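Content type TSV, C-alpha atoms, from the file run30.tsv:
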chain	number	residue	atom	x	y	z
A	1	MET	CA	-7.17	22.65	-0.25
A	2	LYS	CA	-7.35	19.33	-2.01
A	3	GLU	CA	-4.72	17.74	0.18
A	4	GLN	CA	-6.39	19.11	3.26
A	5	LEU	CA	-9.62	17.52	2.09
A	6	ASN	CA	-8.13	14.10	1.73
A	7	GLU	CA	-6.69	14.36	5.18
A	8	ASP	CA	-9.98	15.39	6.78
A	9	PHE	CA	-12.07	12.83	5.02
A	10	SER	CA	-9.88	9.81	4.81
A	11	PRO	CA	-12.02	6.95	6.07
A	12	LEU	CA	-12.21	6.92	9.83
A	13	ASN	CA	-9.41	4.66	10.95
A	14	ILE	CA	-11.39	2.00	12.80
A	15	SER	CA	-9.25	-0.79	14.16
A	16	GLU	CA	-9.86	-4.49	13.80
A	17	HIS	CA	-10.32	-4.50	17.56
A	18	ASP	CA	-13.26	-2.06	17.19
A	19	ILE	CA	-14.76	-4.36	14.58
A	20	ILE	CA	-14.39	-7.43	16.77
A	21	GLU	CA	-16.05	-5.58	19.67
A	22	ALA	CA	-18.90	-4.51	17.38
A	23	MET	CA	-19.31	-8.05	16.06
A	24	LYS	CA	-19.62	-9.34	19.61
A	25	ARG	CA	-22.60	-7.06	20.13
A	26	ILE	CA	-24.42	-8.52	17.16
A	27	GLN	CA	-25.93	-11.93	17.76
A	28	GLY	CA	-25.02	-14.68	15.34
A	29	TYR	CA	-21.92	-15.78	13.51
A	30	ILE	CA	-20.89	-13.04	11.13
A	31	ASP	CA	-19.25	-14.64	8.18
A	32	ILE	CA	-16.53	-12.08	7.46
A	33	THR	CA	-13.07	-11.50	8.90
A	34	PRO	CA	-12.54	-8.19	10.68
A	35	GLY	CA	-9.87	-7.34	8.11
A	36	ASP	CA	-12.24	-7.83	5.21
A	37	PHE	CA	-14.93	-5.87	6.97
A	38	LYS	CA	-12.52	-2.99	7.43
A	39	GLU	CA	-11.67	-3.04	3.76
A	40	VAL	CA	-15.35	-2.98	2.79
A	41	TYR	CA	-16.06	-0.25	5.29
A	42	GLN	CA	-13.26	1.99	4.09
A	43	ALA	CA	-14.18	1.58	0.44
A	44	ALA	CA	-17.84	2.27	1.22
A	45	TYR	CA	-16.92	5.32	3.28
A	46	ALA	CA	-14.87	6.75	0.44
A	47	LEU	CA	-17.77	6.17	-1.97
A	48	ALA	CA	-20.22	7.85	0.41
A	49	ILE	CA	-18.01	10.92	0.66
A	50	LYS	CA	-17.65	11.03	-3.10
A	51	ARG	CA	-21.42	10.73	-3.51
A	52	LEU	CA	-22.03	13.57	-1.05
A	53	PHE	CA	-19.41	15.67	-2.82
A	54	ASN	CA	-21.32	15.13	-6.00
A	55	THR	CA	-24.78	15.72	-4.58
A	56	LEU	CA	-24.26	18.82	-2.44
A	57	THR	CA	-24.40	21.76	-4.84
A	58	ALA	CA	-23.52	25.43	-4.75
A	59	GLY	CA	-27.22	26.29	-4.55
A	60	SER	CA	-27.57	24.56	-1.20
A	61	ILE	CA	-24.41	25.84	0.47
A	62	MET	CA	-23.95	29.38	-0.92
A	63	SER	CA	-24.36	32.51	1.18
A	64	LYS	CA	-27.31	34.62	0.09
A	65	PRO	CA	-28.44	37.25	-0.45
A	66	VAL	CA	-25.10	38.27	-1.84
A	67	ILE	CA	-23.68	41.70	-1.07
A	68	SER	CA	-22.69	43.16	-4.43
A	69	VAL	CA	-21.00	46.48	-5.17
A	70	ASN	CA	-21.57	48.60	-8.23
A	71	ARG	CA	-18.53	49.10	-10.45
A	72	GLU	CA	-19.15	52.87	-10.51
A	73	ILE	CA	-18.87	53.49	-6.79
A	74	ALA	CA	-15.81	54.98	-5.17
A	75	LEU	CA	-13.31	52.69	-3.49
A	76	VAL	CA	-13.77	54.47	-0.19
A	77	GLN	CA	-17.47	53.74	-0.30
A	78	ALA	CA	-16.86	50.13	-1.27
A	79	ALA	CA	-14.38	49.73	1.57
A	80	ALA	CA	-16.93	51.14	4.00
A	81	LEU	CA	-19.54	48.67	2.76
A	82	LEU	CA	-17.21	45.66	3.03
A	83	ALA	CA	-16.22	46.79	6.51
A	84	GLU	CA	-19.84	47.21	7.57
A	85	LYS	CA	-20.87	43.80	6.23
A	86	GLN	CA	-17.69	42.21	7.59
A	87	VAL	CA	-16.79	40.53	4.36
A	88	SER	CA	-13.40	40.56	2.69
A	89	GLY	CA	-14.64	40.61	-0.88
A	90	ALA	CA	-17.75	41.02	-3.01
A	91	PRO	CA	-18.99	40.54	-6.56
A	92	VAL	CA	-18.98	43.65	-8.72
A	93	ILE	CA	-22.01	44.39	-10.90
A	94	ASP	CA	-22.75	46.83	-13.70
A	95	HIS	CA	-25.80	49.11	-13.92
A	96	GLU	CA	-27.89	46.18	-15.22
A	97	GLY	CA	-27.02	44.10	-12.19
A	98	LYS	CA	-24.82	41.74	-14.19
A	99	LEU	CA	-21.62	40.40	-12.72
A	100	VAL	CA	-18.53	42.02	-14.20
A	101	GLY	CA	-15.84	41.25	-11.67
A	102	ILE	CA	-14.96	40.58	-8.10
A	103	VAL	CA	-13.25	42.84	-5.63
A	104	SER	CA	-11.47	41.76	-2.49
A	105	GLU	CA	-8.91	42.87	0.06
A	106	LYS	CA	-6.28	41.53	-2.28
A	107	ASP	CA	-7.24	44.05	-4.96
A	108	PHE	CA	-7.11	46.90	-2.46
A	109	LEU	CA	-3.70	45.84	-1.20
A	110	GLN	CA	-2.38	45.46	-4.69
A	111	GLU	CA	-3.63	48.91	-5.56
A	112	MET	CA	-1.88	50.28	-2.49
A	113	GLY	CA	1.37	48.94	-3.85
A	114	PHE	CA	1.74	45.85	-1.73
A	115	GLY	CA	2.13	42.41	-3.16
A	116	ALA	CA	-0.90	40.21	-3.54
A	117	THR	CA	-0.64	38.64	-0.11
A	118	PRO	CA	1.16	40.88	2.37
A	119	SER	CA	0.91	40.13	6.03
A	120	PHE	CA	-0.46	42.66	8.49
A	121	MET	CA	3.05	43.13	9.89
A	122	GLN	CA	4.41	44.04	6.47
A	123	ILE	CA	1.71	46.67	6.09
A	124	ALA	CA	2.26	47.97	9.62
A	125	THR	CA	6.01	48.25	9.07
A	126	HIS	CA	5.47	50.04	5.84
A	127	CYS	CA	2.99	52.50	7.32
A	128	LEU	CA	5.18	53.24	10.32
A	129	ASN	CA	8.10	54.07	8.06
A	130	ASN	CA	6.09	56.12	5.57
A	131	LYS	CA	3.62	58.42	7.19
A	132	SER	CA	1.46	58.48	4.04
A	133	CYS	CA	0.69	54.79	4.33
A	134	MET	CA	-0.14	54.75	0.62
A	135	ILE	CA	-3.81	54.67	1.44
A	136	GLY	CA	-4.08	57.93	-0.44
A	137	ARG	CA	-3.81	56.01	-3.69
A	138	LEU	CA	-7.27	54.70	-3.12
A	139	HIS	CA	-8.93	58.10	-3.39
A	140	ASN	CA	-10.64	59.02	-6.61
A	141	ARG	CA	-10.68	55.46	-7.86
A	142	THR	CA	-13.73	53.33	-8.46
A	143	VAL	CA	-14.33	49.67	-7.86
A	144	GLY	CA	-14.22	49.09	-11.59
A	145	ASP	CA	-10.62	50.32	-11.65
A	146	ILE	CA	-9.22	47.70	-9.31
A	147	MET	CA	-11.57	44.72	-9.54
A	148	THR	CA	-10.43	41.35	-10.82
A	149	SER	CA	-12.13	40.84	-14.14
A	150	PRO	CA	-13.37	38.73	-15.79
A	151	PRO	CA	-14.40	36.85	-12.66
A	152	ILE	CA	-14.43	33.08	-12.23
A	153	THR	CA	-18.08	32.18	-11.72
A	154	GLY	CA	-20.17	29.18	-10.89
A	155	THR	CA	-23.77	28.05	-11.29
A	156	SER	CA	-26.03	26.79	-8.54
A	157	GLU	CA	-25.84	23.24	-9.94
A	158	MET	CA	-22.06	23.06	-9.43
A	159	THR	CA	-21.11	20.33	-6.94
A	160	ILE	CA	-18.95	21.07	-3.93
A	161	GLY	CA	-16.40	18.61	-5.33
A	162	THR	CA	-16.02	20.77	-8.44
A	163	ILE	CA	-15.97	23.95	-6.39
A	164	SER	CA	-13.23	22.80	-4.03
A	165	ALA	CA	-11.14	21.70	-7.01
A	166	LEU	CA	-11.69	25.14	-8.57
A	167	PHE	CA	-10.65	26.89	-5.36
A	168	ALA	CA	-7.45	24.89	-5.30
A	169	ASP	CA	-6.63	25.18	-9.01
A	170	ARG	CA	-7.39	28.88	-9.41
A	171	GLN	CA	-6.24	29.95	-5.94
A	172	ILE	CA	-9.44	31.83	-5.20
A	173	ASN	CA	-11.32	32.32	-1.94
A	174	ARG	CA	-14.82	33.02	-3.16
A	175	LEU	CA	-16.91	32.03	-6.12
A	176	PRO	CA	-19.87	34.16	-7.20
A	177	ILE	CA	-22.84	32.04	-8.28
A	178	ILE	CA	-24.76	33.57	-11.17
A	179	ASP	CA	-28.14	32.90	-12.77
A	180	ASP	CA	-28.78	32.47	-16.48
A	181	ASP	CA	-28.78	36.25	-16.96
A	182	GLY	CA	-25.37	36.66	-15.37
A	183	ARG	CA	-26.71	38.20	-12.17
A	184	PRO	CA	-25.12	37.11	-8.88
A	185	ILE	CA	-27.54	35.08	-6.78
A	186	GLY	CA	-25.13	34.00	-4.08
A	187	ILE	CA	-21.51	33.44	-3.26
A	188	VAL	CA	-19.62	30.38	-2.08
A	189	THR	CA	-16.72	31.25	0.20
A	190	ARG	CA	-14.14	28.98	1.72
A	191	THR	CA	-16.13	29.27	4.92
A	192	ASP	CA	-19.28	27.98	3.16
A	193	LEU	CA	-17.26	25.11	1.79
A	194	ALA	CA	-15.88	24.29	5.23
A	195	HIS	CA	-19.43	24.29	6.64
A	196	SER	CA	-20.59	21.93	3.91
A	197	PHE	CA	-17.76	19.50	4.70
A	198	ASN	CA	-18.82	19.66	8.30
A	199	MET	CA	-22.36	18.78	7.23
A	200	ILE	CA	-21.04	15.74	5.43
A	201	GLY	CA	-19.24	14.66	8.59
A	202	ARG	CA	-22.40	15.00	10.64
A	203	GLU	CA	-24.55	13.12	8.16
A	204	HIS	CA	-22.07	10.30	8.38
A	205	LYS	CA	-22.18	10.12	12.16
A	206	SER	CA	-25.97	10.12	12.46
B	1	MET	CA	2.70	-8.07	-0.19
B	2	ASN	CA	4.64	-10.77	-1.95
B	3	TYR	CA	3.69	-14.37	-2.54
B	4	PHE	CA	5.20	-15.73	0.66
B	5	GLN	CA	4.18	-12.82	2.89
B	6	LYS	CA	0.58	-13.52	1.91
B	7	MET	CA	0.87	-16.97	3.48
B	8	ARG	CA	1.46	-15.49	6.91
B	9	GLY	CA	-2.15	-14.39	7.20
B	10	GLY	CA	-1.95	-11.63	9.78
B	11	GLY	CA	-5.69	-11.06	10.02
B	12	GLN	CA	-7.83	-11.93	12.99
B	13	SER	CA	-10.50	-14.54	13.53
B	14	PRO	CA	-14.05	-13.28	14.15
B	15	PRO	CA	-15.18	-13.48	17.78
B	16	LYS	CA	-16.77	-16.54	19.38
B	17	VAL	CA	-20.58	-16.53	19.43
B	18	GLY	CA	-22.63	-16.45	22.63
B	19	PRO	CA	-24.25	-19.47	24.32
B	20	ALA	CA	-27.72	-18.68	22.91
B	21	GLU	CA	-26.32	-18.91	19.40
B	22	VAL	CA	-24.70	-22.24	20.21
B	23	LEU	CA	-27.95	-23.59	21.63
B	24	TRP	CA	-30.13	-22.49	18.71
B	25	SER	CA	-27.58	-23.82	16.24
B	26	TRP	CA	-27.78	-27.15	18.01
B	27	ILE	CA	-31.58	-27.23	18.12
B	28	GLY	CA	-31.95	-26.21	14.46
B	29	SER	CA	-29.45	-28.68	13.13
B	30	PHE	CA	-30.80	-31.49	15.31
B	31	LEU	CA	-34.33	-30.97	14.05
B	32	GLY	CA	-33.24	-30.40	10.44
B	33	LEU	CA	-31.25	-33.60	10.26
B	34	ALA	CA	-33.92	-35.45	12.24
B	35	ALA	CA	-36.50	-34.49	9.63
B	36	VAL	CA	-34.53	-35.68	6.61
B	37	SER	CA	-33.27	-38.76	8.41
B	38	LEU	CA	-36.76	-39.81	9.47
B	39	LEU	CA	-37.99	-39.50	5.91
B	40	HIS	CA	-34.95	-41.40	4.71
B	41	PHE	CA	-34.88	-44.29	7.14
B	42	ASN	CA	-38.59	-44.75	7.78
B	43	ILE	CA	-40.12	-44.11	4.36
B	44	LEU	CA	-37.68	-44.11	1.47
B	45	ASP	CA	-35.16	-46.72	2.50
B	46	GLN	CA	-37.42	-49.61	1.52
B	47	THR	CA	-38.02	-48.15	-1.95
B	48	GLY	CA	-34.38	-47.91	-3.02
B	49	LEU	CA	-34.68	-44.13	-2.93
B	50	MET	CA	-32.79	-41.97	-0.50
B	51	MET	CA	-33.38	-38.70	1.23
B	52	ILE	CA	-30.11	-37.99	2.91
B	53	ILE	CA	-26.67	-37.32	1.51
B	54	GLY	CA	-23.50	-36.36	3.32
B	55	SER	CA	-23.54	-32.80	2.05
B	56	PHE	CA	-26.62	-32.04	4.16
B	57	GLY	CA	-24.43	-32.23	7.25
B	58	ALA	CA	-22.39	-29.40	5.78
B	59	SER	CA	-25.50	-27.43	4.84
B	60	ALA	CA	-26.68	-27.72	8.43
B	61	VAL	CA	-23.54	-25.88	9.60
B	62	LEU	CA	-24.49	-22.96	7.44
B	63	ILE	CA	-28.28	-22.77	7.64
B	64	TYR	CA	-28.48	-23.43	11.38
B	65	GLY	CA	-25.04	-22.30	12.56
B	66	ALA	CA	-24.15	-19.30	10.39
B	67	ILE	CA	-27.56	-18.06	9.37
B	68	ARG	CA	-26.43	-14.55	8.47
B	69	SER	CA	-23.91	-15.81	5.97
B	70	PRO	CA	-24.66	-15.11	2.31
B	71	LEU	CA	-23.64	-18.72	1.73
B	72	ALA	CA	-26.52	-19.89	3.96
B	73	GLN	CA	-29.39	-18.09	2.25
B	74	PRO	CA	-32.20	-19.99	0.45
B	75	ARG	CA	-30.97	-18.97	-2.99
B	76	ASN	CA	-27.60	-20.51	-2.19
B	77	LEU	CA	-28.93	-23.54	-0.36
B	78	LEU	CA	-31.36	-24.61	-3.07
B	79	GLY	CA	-29.50	-23.24	-6.08
B	80	GLY	CA	-26.14	-24.56	-4.94
B	81	HIS	CA	-27.38	-28.08	-4.27
B	82	ILE	CA	-29.57	-28.43	-7.36
B	83	LEU	CA	-27.08	-27.01	-9.85
B	84	SER	CA	-24.25	-29.04	-8.35
B	85	ALA	CA	-26.35	-32.22	-8.47
B	86	ILE	CA	-27.01	-31.68	-12.18
B	87	ILE	CA	-23.30	-31.12	-12.81
B	88	GLY	CA	-22.38	-34.15	-10.69
B	89	VAL	CA	-24.73	-36.55	-12.46
B	90	THR	CA	-23.68	-35.21	-15.86
B	91	ALA	CA	-20.00	-35.56	-14.97
B	92	PHE	CA	-20.52	-39.17	-13.91
B	93	GLN	CA	-22.53	-40.07	-17.01
B	94	LEU	CA	-20.04	-38.50	-19.41
B	95	LEU	CA	-16.77	-39.26	-17.64
B	96	GLY	CA	-17.67	-42.18	-15.35
B	97	GLY	CA	-15.05	-44.35	-17.01
B	98	GLN	CA	-12.38	-42.12	-15.53
B	99	PRO	CA	-13.66	-41.66	-11.97
B	100	TRP	CA	-10.80	-39.34	-10.97
B	101	LEU	CA	-11.61	-37.01	-13.85
B	102	ALA	CA	-15.37	-37.19	-13.25
B	103	ALA	CA	-14.87	-36.34	-9.56
B	104	ALA	CA	-12.55	-33.39	-10.21
B	105	MET	CA	-14.69	-32.11	-13.05
B	106	ALA	CA	-17.91	-32.37	-11.02
B	107	VAL	CA	-16.61	-30.33	-8.09
B	108	SER	CA	-14.69	-27.70	-10.01
B	109	THR	CA	-17.44	-27.12	-12.53
B	110	SER	CA	-20.11	-26.86	-9.88
B	111	ILE	CA	-18.06	-24.25	-8.01
B	112	ALA	CA	-17.70	-22.25	-11.21
B	113	LEU	CA	-21.42	-22.53	-11.96
B	114	MET	CA	-22.39	-21.57	-8.41
B	115	HIS	CA	-20.17	-18.49	-8.67
B	116	LEU	CA	-21.67	-17.52	-12.00
B	117	THR	CA	-25.21	-17.90	-10.72
B	118	LYS	CA	-24.53	-16.30	-7.33
B	119	THR	CA	-25.56	-19.51	-5.59
B	120	LEU	CA	-22.26	-20.40	-3.93
B	121	HIS	CA	-23.02	-22.95	-1.22
B	122	PRO	CA	-20.01	-25.01	-0.07
B	123	PRO	CA	-21.99	-28.24	0.49
B	124	GLY	CA	-22.92	-28.06	-3.20
B	125	GLY	CA	-19.39	-29.21	-3.97
B	126	ALA	CA	-20.05	-32.31	-1.87
B	127	THR	CA	-23.37	-32.90	-3.61
B	128	ALA	CA	-21.59	-32.89	-6.97
B	129	LEU	CA	-18.85	-35.18	-5.68
B	130	ILE	CA	-21.33	-37.65	-4.17
B	131	ALA	CA	-23.02	-38.00	-7.56
B	132	VAL	CA	-19.72	-39.42	-8.80
B	133	ILE	CA	-18.37	-41.36	-5.80
B	134	GLY	CA	-21.68	-42.28	-4.10
B	135	GLY	CA	-21.71	-45.82	-5.41
B	136	GLU	CA	-24.33	-47.89	-7.13
B	137	SER	CA	-27.32	-46.62	-5.19
B	138	VAL	CA	-26.61	-43.06	-6.28
B	139	HIS	CA	-25.63	-43.94	-9.84
B	140	ASN	CA	-28.85	-45.87	-10.33
B	141	LEU	CA	-30.89	-42.75	-9.63
B	142	GLY	CA	-29.57	-40.93	-12.68
B	143	TYR	CA	-30.97	-37.42	-12.86
B	144	LEU	CA	-33.57	-38.31	-10.24
B	145	TYR	CA	-30.66	-37.62	-7.85
B	146	VAL	CA	-31.27	-33.93	-8.53
B	147	VAL	CA	-34.85	-34.13	-7.20
B	148	ILE	CA	-34.62	-36.89	-4.60
B	149	PRO	CA	-32.61	-36.63	-2.41
B	150	THR	CA	-31.02	-33.31	-3.34
B	151	ALA	CA	-33.85	-30.82	-3.95
B	152	LEU	CA	-36.31	-32.48	-1.62
B	153	GLY	CA	-33.84	-32.87	1.22
B	154	ALA	CA	-32.60	-29.29	0.89
B	155	GLY	CA	-36.22	-28.15	0.83
B	156	VAL	CA	-37.04	-29.98	4.07
B	157	MET	CA	-33.93	-28.55	5.72
B	158	LEU	CA	-34.97	-25.09	4.55
B	159	ILE	CA	-38.43	-25.41	6.06
B	160	VAL	CA	-36.93	-26.42	9.41
B	161	ALA	CA	-34.52	-23.47	9.19
B	162	LEU	CA	-37.40	-21.06	8.60
B	163	LEU	CA	-39.39	-22.50	11.50
B	164	ILE	CA	-36.55	-22.68	14.03
B	165	ASN	CA	-34.23	-19.78	13.17
B	166	ASN	CA	-36.99	-17.21	13.58
B	167	ILE	CA	-38.03	-18.23	17.09
B	168	PRO	CA	-35.37	-16.36	19.12
B	169	LYS	CA	-35.70	-12.58	19.20
B	170	GLY	CA	-32.15	-11.94	18.07
B	171	ARG	CA	-32.21	-14.30	15.11
B	172	LYS	CA	-33.73	-13.84	11.67
B	173	TYR	CA	-33.67	-16.05	8.63
B	174	PRO	CA	-33.32	-15.58	5.75
B	175	GLU	CA	-31.48	-12.37	5.05
B	176	PHE	CA	-32.82	-12.63	1.49
B	177	TRP	CA	-34.60	-15.23	-0.58
B	178	PHE	CA	-33.29	-14.93	-4.12
Rendering of file as structure tokens:
Amino acid sequence: MKEQLNEDFSPLNISEHDIIEAMKRIQGYIDITPGDFKEVYQAAYALAIKRLFNTLTAGSIMSKPVISVNREIALVQAAALLAEKQVSGAPVIDHEGKLVGIVSEKDFLQEMGFGATPSFMQIATHCLNNKSCMIGRLHNRTVGDIMTSPPITGTSEMTIGTISALFADRQINRLPIIDDDGRPIGIVTRTDLAHSFNMIGREHKS
Amino acid sequence: MNYFQKMRGGGQSPPKVGPAEVLWSWIGSFLGLAAVSLLHFNILDQTGLMMIIGSFGASAVLIYGAIRSPLAQPRNLLGGHILSAIIGVTAFQLLGGQPWLAAAMAVSTSIALMHLTKTLHPPGGATALIAVIGGESVHNLGYLYVVIPTALGAGVMLIVALLINNIPKGRKYPEFWF
């Protein structure tokens, strides 16, 4: 993720020719060489990106309201909910509404006996060879049984710079954002993060 | 990039300015130098004072020909000339017996001081040098050299720059005052 970031947001590679053309459009002798201007521009661009990374926070980019599942409910029910809402994972809460874990496709797959990140083809092959398809294992289990716990959480003040570093370091795809009482108030997914980077790009252009 | 590779340059020169810029540079510098020269030759010459020094020709390049340059702004024009004049006179008075040393010291110290005070103005180096090599007429002025011709002349040139550089639509002076 981090490397990808650097690639996407390396300062726009303007050429000295672009700078000379731009200088021609501005009346008056501009007392800087195109090379120096480029250097200033690239350094300033990097600083602007850094500033935006440190000003955009989880609170402004997170998806809300967050779809949470109760730890007591059956896996089948949870699966139905995730399918209906078209999300691949959700925070898990206890009866007080406090976050206790996070459940995602990965947890389901792991419970079914696949590795953490099987491809669809692996699953298909497996199911075609074994009629049972191992889906049966999911019956009679609750969300609490398979969730990842304790979850990695964030607060709404967390900057997107910190969040993207966290995604990369901890190899996670979603970060529940909790309030002071430990209740989920939103969730930042990789998609949210991608949107926020896009926002930065747009702000720069305008 | 090693020491010798650096000497190859490799960068590009900024583009040539348009004809309007050339014309306004000409008008501004003509009127600026006309103003100080008139004062010099018609009023002060008889009194043993002077109004014009060589470095004003260099200032004209900046404040009429490169008006966007940080080096051409009022802070730099006035600060650079006045500080350098003080350094120049001081260098001559302390080290005048060794003119080569006084000259080198005047210019190098005024550059350092202009950097430190954010008043870098290339003609300031000439102002400092003239205080040392300007001959009897300059030496006799002592620290008056700082006020007349330096501060007064730069001030007159500044007024002309303000009046002329703001006439065309696409020109604006200064970028900042201090």
Legend entry - Pairwise distance for CA of Leu78 (chain B) and CA of Gly135 (chain B), rounded to one decimal in Å: 23.4 Å
Inset, instruction - For chain A, list the residues within 10 Å of chain B, counting only C-alpha atoms, and write the list as a list in words. - result: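 The contacting residues on chain A are Glu16, His17, Ile19, Ile20, Glu21, Ala22, Met23, Lys24, Arg25, Ile26, Gln27, Gly28, Tyr29, Ile30, Asp31, Ile32, Thr33, Pro34, Gly35 and Asp36 of chain A.
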Inset, instruction - Go ahead and compute the interatomic distance for CA of Met157 (chain B) and CA of Met105 (chain B), in Å to one decimal. - result: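 Straight-line distance from CA of Met157 (chain B) to CA of Met105 (chain B) works out to 27.1 Å.
Atom pair CA of Ala112 (chain B) / CA of Pro174 (chain B): separated by 24.0 Å.
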Legend entry - Nearest-residue call for Pro149 (chain B), choices B:Ala103, B:Leu116, B:Met50, B:Leu163, using all atoms listed in the file: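 The answer is B:Met50, which sits nearest to Pro149 (chain B).
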Inset, instruction - Rank A:Leu128, A:Leu52, A:Val100, A:Val87 by their smallest atom-to-atom distance to Ser149 (chain A), using all atoms listed in the file, and report the top residue only. - result: A:Val100
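For the choices A:His95, A:Thr57, A:Gln77, A:Pro176, the atom-to-atom distance to His139 (chain A) is smallest for A:Gln77 when using only C-alpha atoms.
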Inset, instruction - Can you pull out every residue within 8 Å of Ala161 (chain B), counting only C-alpha atoms, but drop anything in the same chain fewer than 5 positions away, and send it as a ChimeraX atom specification? - result: /B:28,32,63-64,173
Incomplete region 29-41 of chain A filled out to N, CA and C atoms as a CSV table (one decimal), keeping the file's coordinate frame:
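Below is the file result-v8.csv, written as the result:
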chain,number,residue,atom,x,y,z
A,29,TYR,N,-23.3,-15.7,14.1
A,29,TYR,CA,-21.9,-15.8,13.5
A,29,TYR,C,-21.9,-14.9,12.3
A,30,ILE,N,-21.0,-13.9,12.3
A,30,ILE,CA,-20.9,-13.0,11.1
A,30,ILE,C,-19.7,-13.5,10.3
A,31,ASP,N,-20.1,-13.9,9.1
A,31,ASP,CA,-19.2,-14.6,8.2
A,31,ASP,C,-18.3,-13.7,7.4
A,32,ILE,N,-17.5,-12.9,8.1
A,32,ILE,CA,-16.5,-12.1,7.5
A,32,ILE,C,-15.4,-11.9,8.5
A,33,THR,N,-14.2,-11.8,8.0
A,33,THR,CA,-13.1,-11.5,8.9
A,33,THR,C,-13.1,-10.0,9.2
A,34,PRO,N,-12.6,-9.6,10.4
A,34,PRO,CA,-12.5,-8.2,10.7
A,34,PRO,C,-11.7,-7.4,9.6
A,35,GLY,N,-10.7,-8.0,9.1
A,35,GLY,CA,-9.9,-7.3,8.1
A,35,GLY,C,-10.7,-7.0,6.8
A,36,ASP,N,-11.4,-8.0,6.4
A,36,ASP,CA,-12.2,-7.8,5.2
A,36,ASP,C,-13.3,-6.8,5.5
A,37,PHE,N,-13.9,-6.9,6.7
A,37,PHE,CA,-14.9,-5.9,7.0
A,37,PHE,C,-14.4,-4.5,6.9
A,38,LYS,N,-13.2,-4.3,7.4
A,38,LYS,CA,-12.5,-3.0,7.4
A,38,LYS,C,-12.3,-2.5,6.0
A,39,GLU,N,-11.9,-3.4,5.2
A,39,GLU,CA,-11.7,-3.0,3.8
A,39,GLU,C,-13.0,-2.6,3.1
A,40,VAL,N,-14.0,-3.3,3.4
A,40,VAL,CA,-15.4,-3.0,2.8
A,40,VAL,C,-15.8,-1.6,3.3
A,41,TYR,N,-15.6,-1.5,4.6
A,41,TYR,CA,-16.1,-0.2,5.3
A,41,TYR,C,-15.3,1.0,4.7
